[in-house]
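What follows is the content of my_file_24.pdb (PDB, C-alpha atoms).
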ATOM      1  CA  MET Q   1     -10.557   6.476  -4.356
ATOM      2  CA  ALA Q   2     -13.827   6.510  -6.292
ATOM      3  CA  LYS Q   3     -15.245   3.239  -7.549
ATOM      4  CA  ILE Q   4     -16.851   2.462 -10.910
ATOM      5  CA  VAL Q   5     -19.876   0.288 -10.153
ATOM      6  CA  THR Q   6     -21.637  -0.288 -13.472
ATOM      7  CA  GLY Q   7     -22.085   0.803 -17.055
ATOM      8  CA  ILE Q   8     -24.960   0.961 -19.517
ATOM      9  CA  ALA Q   9     -24.709   1.446 -23.275
ATOM     10  CA  MET Q  10     -27.884   2.119 -25.172
ATOM     11  CA  SER Q  11     -29.093   3.380 -28.508
ATOM     12  CA  HIS Q  12     -31.032   6.586 -28.838
ATOM     13  CA  SER Q  13     -33.585   7.598 -31.453
ATOM     14  CA  PRO Q  14     -35.509  10.877 -31.483
ATOM     15  CA  LEU Q  15     -38.410   9.070 -33.146
ATOM     16  CA  ILE Q  16     -39.143   7.330 -29.848
ATOM     17  CA  MET Q  17     -40.390  10.708 -28.647
ATOM     18  CA  THR Q  18     -42.469  11.568 -31.720
ATOM     19  CA  SER Q  19     -43.463   8.132 -33.078
ATOM     20  CA  GLU Q  20     -43.320   5.760 -30.118
ATOM     21  CA  GLU Q  21     -46.181   3.573 -31.340
ATOM     22  CA  ALA Q  22     -44.562   3.132 -34.751
ATOM     23  CA  GLY Q  23     -41.968   0.901 -33.081
ATOM     24  CA  GLY Q  24     -44.644  -1.732 -32.480
ATOM     25  CA  GLU Q  25     -43.867  -4.794 -30.372
ATOM     26  CA  ARG Q  26     -40.116  -4.408 -30.887
ATOM     27  CA  GLY Q  27     -40.283  -0.856 -29.639
ATOM     28  CA  ARG Q  28     -42.303  -1.874 -26.588
ATOM     29  CA  ARG Q  29     -39.729  -4.533 -25.722
ATOM     30  CA  PHE Q  30     -36.958  -1.942 -25.949
ATOM     31  CA  LEU Q  31     -38.847   0.532 -23.760
ATOM     32  CA  ASP Q  32     -39.572  -2.170 -21.183
ATOM     33  CA  LYS Q  33     -35.840  -2.841 -20.938
ATOM     34  CA  THR Q  34     -35.067   0.854 -20.405
ATOM     35  CA  LYS Q  35     -37.258   0.655 -17.308
ATOM     36  CA  GLU Q  36     -35.229  -2.327 -16.095
ATOM     37  CA  MET Q  37     -32.036  -0.323 -16.569
ATOM     38  CA  LYS Q  38     -33.493   2.583 -14.606
ATOM     39  CA  ASP Q  39     -34.258   0.158 -11.774
ATOM     40  CA  TRP Q  40     -30.752  -1.327 -12.078
ATOM     41  CA  LEU Q  41     -29.206   2.106 -11.612
ATOM     42  CA  LYS Q  42     -31.329   2.663  -8.527
ATOM     43  CA  GLU Q  43     -30.156  -0.689  -7.181
ATOM     44  CA  VAL Q  44     -26.436   0.058  -7.569
ATOM     45  CA  ASN Q  45     -27.116   3.623  -6.356
ATOM     46  CA  PRO Q  46     -24.253   5.581  -7.964
ATOM     47  CA  ASP Q  47     -23.304   9.010  -6.666
ATOM     48  CA  ALA Q  48     -22.365  10.310 -10.123
ATOM     49  CA  LEU Q  49     -23.106   9.439 -13.734
ATOM     50  CA  VAL Q  50     -20.578   9.977 -16.526
ATOM     51  CA  LEU Q  51     -22.804  10.447 -19.587
ATOM     52  CA  ILE Q  52     -21.091  10.012 -22.956
ATOM     53  CA  SER Q  53     -22.917  10.922 -26.141
ATOM     54  CA  ASP Q  54     -22.689  13.254 -29.116
ATOM     55  CA  ASP Q  55     -24.099  16.473 -30.507
ATOM     56  CA  HIS Q  56     -26.224  16.582 -33.673
ATOM     57  CA  PHE Q  57     -25.243  20.049 -34.938
ATOM     58  CA  ASN Q  58     -27.067  21.832 -32.147
ATOM     59  CA  SER Q  59     -24.117  23.080 -30.076
ATOM     60  CA  TYR Q  60     -21.125  22.443 -32.365
ATOM     61  CA  TYR Q  61     -20.648  23.241 -36.047
ATOM     62  CA  TYR Q  62     -17.825  23.258 -38.563
ATOM     63  CA  ASN Q  63     -16.801  26.734 -37.412
ATOM     64  CA  HIS Q  64     -15.675  25.119 -34.136
ATOM     65  CA  MET Q  65     -15.819  21.338 -33.868
ATOM     66  CA  PRO Q  66     -14.003  19.751 -30.908
ATOM     67  CA  SER Q  67     -13.361  16.014 -30.866
ATOM     68  CA  PHE Q  68     -14.015  15.668 -27.130
ATOM     69  CA  THR Q  69     -15.883  18.142 -24.914
ATOM     70  CA  ILE Q  70     -16.521  17.938 -21.182
ATOM     71  CA  GLY Q  71     -18.940  20.068 -19.202
ATOM     72  CA  ILE Q  72     -17.492  21.344 -15.914
ATOM     73  CA  GLY Q  73     -20.108  23.943 -14.976
ATOM     74  CA  GLU Q  74     -23.776  24.459 -15.783
ATOM     75  CA  CYS Q  75     -25.545  22.123 -18.206
ATOM     76  CA  GLU Q  76     -28.960  22.239 -19.823
ATOM     77  CA  GLY Q  77     -30.817  20.412 -22.548
ATOM     78  CA  TRP Q  78     -31.847  21.940 -25.845
ATOM     79  CA  GLY Q  79     -35.353  20.492 -25.485
ATOM     80  CA  ASP Q  80     -35.224  19.044 -28.991
ATOM     81  CA  TRP Q  81     -37.521  16.230 -30.095
ATOM     82  CA  GLN Q  82     -40.096  16.918 -27.382
ATOM     83  CA  LEU Q  83     -37.607  16.141 -24.605
ATOM     84  CA  PRO Q  84     -37.555  18.380 -21.523
ATOM     85  CA  GLU Q  85     -35.193  21.337 -21.338
ATOM     86  CA  TYR Q  86     -33.466  19.734 -18.403
ATOM     87  CA  GLN Q  87     -31.393  21.801 -16.004
ATOM     88  CA  ILE Q  88     -28.840  19.052 -15.441
ATOM     89  CA  PRO Q  89     -26.913  18.916 -12.153
ATOM     90  CA  VAL Q  90     -23.192  18.446 -12.810
ATOM     91  CA  GLN Q  91     -20.734  16.741 -10.451
ATOM     92  CA  LYS Q  92     -18.268  19.582 -10.974
ATOM     93  CA  ASP Q  93     -15.455  18.255  -8.794
ATOM     94  CA  LEU Q  94     -15.227  14.999 -10.721
ATOM     95  CA  ALA Q  95     -15.701  16.765 -14.057
ATOM     96  CA  LYS Q  96     -12.758  19.082 -13.333
ATOM     97  CA  HIS Q  97     -10.665  16.146 -12.132
ATOM     98  CA  ILE Q  98     -11.354  14.269 -15.375
ATOM     99  CA  LEU Q  99     -10.377  17.377 -17.356
ATOM    100  CA  ASP Q 100      -7.142  17.812 -15.403
ATOM    101  CA  THR Q 101      -6.262  14.120 -15.610
ATOM    102  CA  GLY Q 102      -6.884  14.148 -19.341
ATOM    103  CA  LEU Q 103      -4.501  17.064 -19.775
ATOM    104  CA  GLU Q 104      -1.864  15.249 -17.740
ATOM    105  CA  LYS Q 105      -2.329  12.016 -19.727
ATOM    106  CA  GLY Q 106      -2.443  13.498 -23.229
ATOM    107  CA  VAL Q 107      -6.143  14.168 -23.872
ATOM    108  CA  ASP Q 108      -6.781  17.852 -24.534
ATOM    109  CA  PHE Q 109     -10.507  18.100 -23.853
ATOM    110  CA  ALA Q 110     -12.410  21.110 -24.985
ATOM    111  CA  PHE Q 111     -14.295  22.224 -21.898
ATOM    112  CA  THR Q 112     -17.204  24.479 -21.142
ATOM    113  CA  MET Q 113     -18.806  25.959 -18.041
ATOM    114  CA  SER Q 114     -22.120  26.419 -19.886
ATOM    115  CA  MET Q 115     -22.776  23.218 -21.803
ATOM    116  CA  LYS Q 116     -25.949  22.598 -23.813
ATOM    117  CA  VAL Q 117     -26.760  19.039 -24.831
ATOM    118  CA  ASP Q 118     -29.345  17.651 -27.211
ATOM    119  CA  HIS Q 119     -31.258  14.371 -27.402
ATOM    120  CA  GLY Q 120     -28.059  12.327 -27.502
ATOM    121  CA  HIS Q 121     -27.589  13.082 -23.820
ATOM    122  CA  THR Q 122     -31.087  14.005 -22.709
ATOM    123  CA  GLN Q 123     -32.768  10.840 -23.954
ATOM    124  CA  GLY Q 124     -30.422   8.881 -21.712
ATOM    125  CA  ILE Q 125     -31.472  11.137 -18.836
ATOM    126  CA  TYR Q 126     -35.138  10.742 -19.796
ATOM    127  CA  PHE Q 127     -34.968   6.953 -19.527
ATOM    128  CA  LEU Q 128     -32.388   6.442 -16.777
ATOM    129  CA  ASN Q 129     -32.258   9.549 -14.578
ATOM    130  CA  PRO Q 130     -35.465  11.523 -15.252
ATOM    131  CA  ASP Q 131     -35.706  12.962 -11.749
ATOM    132  CA  LEU Q 132     -32.096  14.130 -11.983
ATOM    133  CA  ASP Q 133     -31.325  12.373  -8.728
ATOM    134  CA  ILE Q 134     -27.810  11.506  -9.930
ATOM    135  CA  PRO Q 135     -25.468  14.384 -10.827
ATOM    136  CA  VAL Q 136     -23.918  14.043 -14.264
ATOM    137  CA  ILE Q 137     -20.553  14.561 -15.917
ATOM    138  CA  PRO Q 138     -21.473  15.250 -19.578
ATOM    139  CA  ILE Q 139     -18.944  14.309 -22.259
ATOM    140  CA  ALA Q 140     -19.594  14.895 -25.963
ATOM    141  CA  ILE Q 141     -17.789  13.003 -28.735
ATOM    142  CA  ASN Q 142     -17.703  14.294 -32.308
ATOM    143  CA  THR Q 143     -19.481  11.587 -34.291
ATOM    144  CA  SER Q 144     -21.172  13.905 -36.815
ATOM    145  CA  ALA Q 145     -18.609  16.125 -38.524
ATOM    146  CA  PRO Q 146     -15.740  14.319 -40.292
ATOM    147  CA  PRO Q 147     -12.858  13.998 -39.706
ATOM    148  CA  LEU Q 148     -13.810  12.079 -36.564
ATOM    149  CA  PRO Q 149     -11.606  10.789 -33.752
ATOM    150  CA  THR Q 150     -10.658   7.201 -34.493
ATOM    151  CA  MET Q 151     -12.249   4.269 -32.710
ATOM    152  CA  ASP Q 152      -8.862   3.564 -31.124
ATOM    153  CA  ARG Q 153      -8.568   7.126 -29.828
ATOM    154  CA  CYS Q 154     -12.038   6.887 -28.293
ATOM    155  CA  PHE Q 155     -11.039   3.659 -26.573
ATOM    156  CA  GLN Q 156      -7.876   5.346 -25.267
ATOM    157  CA  LEU Q 157     -10.006   8.181 -23.920
ATOM    158  CA  GLY Q 158     -11.982   5.576 -21.970
ATOM    159  CA  VAL Q 159      -8.783   4.184 -20.449
ATOM    160  CA  ILE Q 160      -7.820   7.652 -19.234
ATOM    161  CA  LEU Q 161     -11.360   8.272 -18.020
ATOM    162  CA  ARG Q 162     -11.037   5.197 -15.813
ATOM    163  CA  GLU Q 163      -7.701   6.427 -14.449
ATOM    164  CA  ALA Q 164      -9.287   9.777 -13.666
ATOM    165  CA  ILE Q 165     -12.251   8.319 -11.813
ATOM    166  CA  GLN Q 166     -10.125   5.911  -9.793
ATOM    167  CA  SER Q 167      -7.659   8.640  -8.835
ATOM    168  CA  TRP Q 168     -10.386  11.035  -7.691
ATOM    169  CA  GLY Q 169      -9.994  11.691  -3.987
ATOM    170  CA  SER Q 170     -13.448  10.518  -3.028
ATOM    171  CA  ASP Q 171     -15.148   7.300  -1.967
ATOM    172  CA  LYS Q 172     -18.156   7.936  -4.224
ATOM    173  CA  LYS Q 173     -19.612   5.384  -6.630
ATOM    174  CA  VAL Q 174     -19.643   6.214 -10.342
ATOM    175  CA  ALA Q 175     -21.673   4.754 -13.226
ATOM    176  CA  ILE Q 176     -20.862   5.167 -16.934
ATOM    177  CA  VAL Q 177     -23.567   5.573 -19.580
ATOM    178  CA  ALA Q 178     -22.932   5.743 -23.331
ATOM    179  CA  SER Q 179     -25.751   6.698 -25.687
ATOM    180  CA  GLY Q 180     -25.726   6.346 -29.480
ATOM    181  CA  GLY Q 181     -25.969   4.072 -32.492
ATOM    182  CA  LEU Q 182     -26.322   1.405 -33.696
ATOM    183  CA  SER Q 183     -26.774   1.336 -37.478
ATOM    184  CA  HIS Q 184     -28.766   4.181 -38.986
ATOM    185  CA  TRP Q 185     -28.613   6.662 -41.812
ATOM    186  CA  VAL Q 186     -29.347  10.291 -40.868
ATOM    187  CA  PRO Q 187     -30.701  12.723 -43.518
ATOM    188  CA  ILE Q 188     -27.999  15.351 -42.956
ATOM    189  CA  PRO Q 189     -26.170  16.421 -46.134
ATOM    190  CA  LYS Q 190     -22.480  15.786 -46.542
ATOM    191  CA  ILE Q 191     -20.509  18.976 -46.234
ATOM    192  CA  ASP Q 192     -19.199  18.687 -49.819
ATOM    193  CA  SER Q 193     -22.634  18.052 -51.370
ATOM    194  CA  GLU Q 194     -23.312  20.130 -54.476
ATOM    195  CA  LYS Q 195     -27.083  19.558 -54.476
ATOM    196  CA  GLU Q 196     -28.955  22.846 -54.547
ATOM    197  CA  GLU Q 197     -31.482  21.721 -51.913
ATOM    198  CA  ASP Q 198     -28.629  21.062 -49.454
ATOM    199  CA  GLN Q 199     -26.928  24.439 -49.672
ATOM    200  CA  ASN Q 200     -28.866  26.301 -46.976
ATOM    201  CA  MET Q 201     -28.272  23.516 -44.460
ATOM    202  CA  ILE Q 202     -24.593  23.265 -45.442
ATOM    203  CA  HIS Q 203     -24.194  27.025 -44.971
ATOM    204  CA  ILE Q 204     -25.493  26.657 -41.402
ATOM    205  CA  LEU Q 205     -23.344  23.586 -40.727
ATOM    206  CA  LYS Q 206     -20.259  25.513 -41.837
ATOM    207  CA  ASN Q 207     -20.971  28.802 -40.107
ATOM    208  CA  GLY Q 208     -22.866  27.883 -36.975
ATOM    209  CA  ARG Q 209     -25.954  28.862 -35.030
ATOM    210  CA  PRO Q 210     -25.695  32.653 -35.683
ATOM    211  CA  GLU Q 211     -26.625  31.827 -39.294
ATOM    212  CA  ILE Q 212     -29.999  30.508 -38.133
ATOM    213  CA  LYS Q 213     -32.334  33.454 -38.709
ATOM    214  CA  ASP Q 214     -35.441  31.769 -37.325
ATOM    215  CA  PRO Q 215     -34.496  29.149 -34.679
ATOM    216  CA  ASP Q 216     -38.035  27.798 -34.402
ATOM    217  CA  GLU Q 217     -38.354  27.378 -38.145
ATOM    218  CA  TYR Q 218     -34.909  25.771 -38.341
ATOM    219  CA  LYS Q 219     -35.889  23.305 -35.628
ATOM    220  CA  LYS Q 220     -39.106  22.434 -37.457
ATOM    221  CA  THR Q 221     -37.252  21.998 -40.751
ATOM    222  CA  ARG Q 222     -34.632  19.689 -39.243
ATOM    223  CA  GLU Q 223     -37.127  17.552 -37.414
ATOM    224  CA  LYS Q 224     -39.326  17.355 -40.506
ATOM    225  CA  ARG Q 225     -36.397  15.825 -42.428
ATOM    226  CA  VAL Q 226     -36.612  12.850 -40.065
ATOM    227  CA  THR Q 227     -40.291  12.625 -39.115
ATOM    228  CA  THR Q 228     -41.348  12.487 -42.759
ATOM    229  CA  ILE Q 229     -39.314   9.280 -43.001
ATOM    230  CA  LYS Q 230     -41.601   6.435 -41.979
ATOM    231  CA  THR Q 231     -38.905   3.775 -42.142
ATOM    232  CA  GLY Q 232     -35.147   3.658 -42.560
ATOM    233  CA  PRO Q 233     -32.524   1.011 -43.227
ATOM    234  CA  VAL Q 234     -31.078  -0.937 -40.316
ATOM    235  CA  ASN Q 235     -28.167  -3.347 -40.806
ATOM    236  CA  GLU Q 236     -29.019  -6.076 -38.308
ATOM    237  CA  GLU Q 237     -26.091  -8.278 -39.307
ATOM    238  CA  TRP Q 238     -23.589  -5.480 -38.711
ATOM    239  CA  ASP Q 239     -25.229  -4.529 -35.422
ATOM    240  CA  ARG Q 240     -24.970  -8.105 -34.182
ATOM    241  CA  THR Q 241     -21.341  -8.313 -35.308
ATOM    242  CA  PHE Q 242     -20.605  -5.257 -33.180
ATOM    243  CA  LEU Q 243     -22.506  -6.604 -30.171
ATOM    244  CA  ASN Q 244     -20.817 -10.015 -30.445
ATOM    245  CA  ALA Q 245     -17.358  -8.433 -30.515
ATOM    246  CA  LEU Q 246     -18.331  -6.369 -27.489
ATOM    247  CA  THR Q 247     -19.615  -9.259 -25.384
ATOM    248  CA  GLU Q 248     -16.683 -11.474 -26.386
ATOM    249  CA  GLY Q 249     -14.223  -8.762 -25.377
ATOM    250  CA  ASP Q 250     -12.744  -8.451 -28.868
ATOM    251  CA  PHE Q 251     -11.885  -4.802 -28.366
ATOM    252  CA  ASN Q 252      -8.791  -4.957 -30.564
ATOM    253  CA  SER Q 253     -10.943  -5.627 -33.624
ATOM    254  CA  LEU Q 254     -13.380  -2.832 -32.785
ATOM    255  CA  ARG Q 255     -10.530  -0.372 -32.256
ATOM    256  CA  LYS Q 256      -9.446  -0.974 -35.859
ATOM    257  CA  TRP Q 257     -12.827  -0.281 -37.436
ATOM    258  CA  SER Q 258     -12.372   2.623 -39.852
ATOM    259  CA  TYR Q 259     -14.618   5.558 -40.601
ATOM    260  CA  ASN Q 260     -15.289   4.202 -44.095
ATOM    261  CA  TYR Q 261     -16.105   0.710 -42.853
ATOM    262  CA  ILE Q 262     -18.615   2.068 -40.336
ATOM    263  CA  GLU Q 263     -20.109   4.508 -42.844
ATOM    264  CA  GLU Q 264     -20.644   1.765 -45.430
ATOM    265  CA  ASN Q 265     -22.133  -0.807 -43.054
ATOM    266  CA  GLY Q 266     -23.638   1.194 -40.203
ATOM    267  CA  GLY Q 267     -24.382   4.525 -41.878
ATOM    268  CA  ASN Q 268     -23.420   8.021 -40.827
ATOM    269  CA  GLY Q 269     -25.458   7.507 -37.653
ATOM    270  CA  GLY Q 270     -23.529   4.328 -36.923
ATOM    271  CA  GLN Q 271     -20.476   6.499 -36.276
ATOM    272  CA  GLU Q 272     -22.033   7.034 -32.825
ATOM    273  CA  ILE Q 273     -20.599   3.702 -31.686
ATOM    274  CA  ARG Q 274     -17.545   5.810 -30.815
ATOM    275  CA  ASN Q 275     -19.476   6.720 -27.654
ATOM    276  CA  TRP Q 276     -19.594   3.011 -26.824
ATOM    277  CA  LEU Q 277     -15.838   2.688 -27.424
ATOM    278  CA  VAL Q 278     -15.153   5.295 -24.752
ATOM    279  CA  LEU Q 279     -17.251   3.232 -22.349
ATOM    280  CA  LEU Q 280     -15.457   0.032 -23.403
ATOM    281  CA  GLY Q 281     -12.078   1.606 -22.703
ATOM    282  CA  THR Q 282     -13.306   2.469 -19.231
ATOM    283  CA  LEU Q 283     -14.992  -0.866 -18.492
ATOM    284  CA  GLN Q 284     -12.908  -3.320 -20.491
ATOM    285  CA  ASP Q 285     -12.714  -5.835 -17.638
ATOM    286  CA  PHE Q 286     -16.449  -5.627 -16.816
ATOM    287  CA  LYS Q 287     -18.839  -8.360 -17.954
ATOM    288  CA  ALA Q 288     -21.032  -7.162 -20.826
ATOM    289  CA  GLU Q 289     -24.550  -8.539 -21.208
ATOM    290  CA  VAL Q 290     -26.830  -7.684 -24.133
ATOM    291  CA  ILE Q 291     -30.143  -6.876 -22.464
ATOM    292  CA  CYS Q 292     -31.950  -6.008 -25.645
ATOM    293  CA  TYR Q 293     -31.422  -5.762 -29.388
ATOM    294  CA  GLU Q 294     -34.230  -4.777 -31.710
ATOM    295  CA  PRO Q 295     -33.826  -3.666 -35.337
ATOM    296  CA  ILE Q 296     -36.535  -1.011 -35.626
ATOM    297  CA  PRO Q 297     -36.702   0.596 -39.094
ATOM    298  CA  GLU Q 298     -39.666   2.678 -37.893
ATOM    299  CA  TRP Q 299     -37.297   4.384 -35.480
ATOM    300  CA  VAL Q 300     -34.618   4.369 -38.200
ATOM    301  CA  THR Q 301     -32.111   2.717 -35.846
ATOM    302  CA  GLY Q 302     -30.800  -0.577 -34.560
ATOM    303  CA  MET Q 303     -31.792  -0.294 -30.904
ATOM    304  CA  ALA Q 304     -29.633  -2.053 -28.288
ATOM    305  CA  ILE Q 305     -29.008  -1.980 -24.555
ATOM    306  CA  VAL Q 306     -25.933  -3.535 -22.942
ATOM    307  CA  LYS Q 307     -25.363  -3.763 -19.194
ATOM    308  CA  PHE Q 308     -21.874  -3.960 -17.668
ATOM    309  CA  LYS Q 309     -21.319  -5.688 -14.333
ATOM    310  CA  GLN Q 310     -18.251  -5.529 -12.131
ATOM    311  CA  PRO Q 311     -15.739  -8.361 -12.630
TER
END
Structure re-expressed in structure tokens:
Amino acid sequence: MAKIVTGIAMSHSPLIMTSEEAGGERGRRFLDKTKEMKDWLKEVNPDALVLISDDHFNSYYYNHMPSFTIGIGECEGWGDWQLPEYQIPVQKDLAKHILDTGLEKGVDFAFTMSMKVDHGHTQGIYFLNPDLDIPVIPIAINTSAPPLPTMDRCFQLGVILREAIQSWGSDKKVAIVASGGLSHWVPIPKIDSEKEEDQNMIHILKNGRPEIKDPDEYKKTREKRVTTIKTGPVNEEWDRTFLNALTEGDFNSLRKWSYNYIEENGGNGGQEIRNWLVLLGTLQDFKAEVICYEPIPEWVTGMAIVKFKQP
């Protein structure tokens, strides 16, 4: 059977790509630790990388919003936020096995043979697997478009993901990476907003990419909403509460965190910790070590990296 050898959970922020220097010394410390994690992956030498993140209204909209999506065929990056338009190699056999196991165990993945992923996935590739040496199994969690899957359901998905990997008829080594969070507030309008300036964006969010008449202009407009923000709130206390619960193995508490609790304390961007819960369900008996935590308002995010070692 296949063996899970390690896991890495890390924050992502598109502003790293456009405003790296704005992060200052805290940002440099974070980036130094991403290099250590890249070296760590090389050391454990996995044969496949399950990459769990989310989409930011680039591939999925309210006209079709799956809770969980797995790529089982071709995969490429959108090239948003100055990241490469990666042509991502997919470990198709394991991806299909995870899909089939999920169906047998009560998780009805949406699946695609032509997946496109944005910076949620590709920033993890940029820092950890830039040469695409390790084939990927991309999984996308809906963390953007309420109603969202519960924290408990994401944890359960991780449990089934572990069963799938360990029942795969292969002796390959597998690593798990989750990308997202921690606390941040993203300038995307709520779908029920009545503000006039939000209506064009809401129309696109409801009806999907065909409503985008000028893709280049849309991309510029979206990125401008963030890059014009020079600083954003970060809830360091809440971030550390989450990280402490994680390292202490208090998964039962995290599984009970509600959408409203996360929204109030971690922001709409903080809902991305669901990606971490999938990883925790998979690696619940692994030893978690916080490698880095830096509250970086200039990147509008609480930036953390956690490494998971085999028990």
Written as a PDB file with C-alpha atoms, in the coordinates of the input, what is the full residue list that the PyMOL selection byres ((chain Q and resi 103-105) around 10) yields on the file shown?
ATOM      1  CA  HIS Q  97     -10.665  16.146 -12.132  1.00  0.00           C
ATOM      2  CA  ILE Q  98     -11.354  14.269 -15.375  1.00  0.00           C
ATOM      3  CA  LEU Q  99     -10.377  17.377 -17.356  1.00  0.00           C
ATOM      4  CA  ASP Q 100      -7.142  17.812 -15.403  1.00  0.00           C
ATOM      5  CA  THR Q 101      -6.262  14.120 -15.610  1.00  0.00           C
ATOM      6  CA  GLY Q 102      -6.884  14.148 -19.341  1.00  0.00           C
ATOM      7  CA  GLY Q 106      -2.443  13.498 -23.229  1.00  0.00           C
ATOM      8  CA  VAL Q 107      -6.143  14.168 -23.872  1.00  0.00           C
ATOM      9  CA  ASP Q 108      -6.781  17.852 -24.534  1.00  0.00           C
ATOM     10  CA  PHE Q 109     -10.507  18.100 -23.853  1.00  0.00           C
ATOM     11  CA  LEU Q 157     -10.006   8.181 -23.920  1.00  0.00           C
ATOM     12  CA  ILE Q 160      -7.820   7.652 -19.234  1.00  0.00           C
ATOM     13  CA  LEU Q 161     -11.360   8.272 -18.020  1.00  0.00           C
ATOM     14  CA  GLU Q 163      -7.701   6.427 -14.449  1.00  0.00           C
ATOM     15  CA  ALA Q 164      -9.287   9.777 -13.666  1.00  0.00           C
TER      16      ALA Q 164
END
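Candidate residues Q:Ile139, Q:Ile125, Q:Ile273, Q:Ile72 were compared for distance to Thr112 in chain Q, and the nearest is Q:Ile72, using only C-alpha atoms.
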Item to check | Residue IDs satisfying the PyMOL selection byres ((chain Q and resi 290) around 9), as a PyMOL selection string | outcome: chain Q and resi 243+247+288-289+291-293+304-308
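Closest approach to Lys96 in chain Q among Q:Gly7, Q:Gly232, Q:Gly71, Q:Pro149 is made by Q:Gly71 (distances from all atoms listed in the file).
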Checklist entry - From the list Q:Gly267, Q:Pro210, Q:Gly79, Q:Gly73, which residue is nearest Met17 in chain Q when using all atoms listed in the file? => result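 Going through Q:Gly267, Q:Pro210, Q:Gly79, Q:Gly73 one by one, the smallest distance to Met17 in chain Q is for Q:Gly79.
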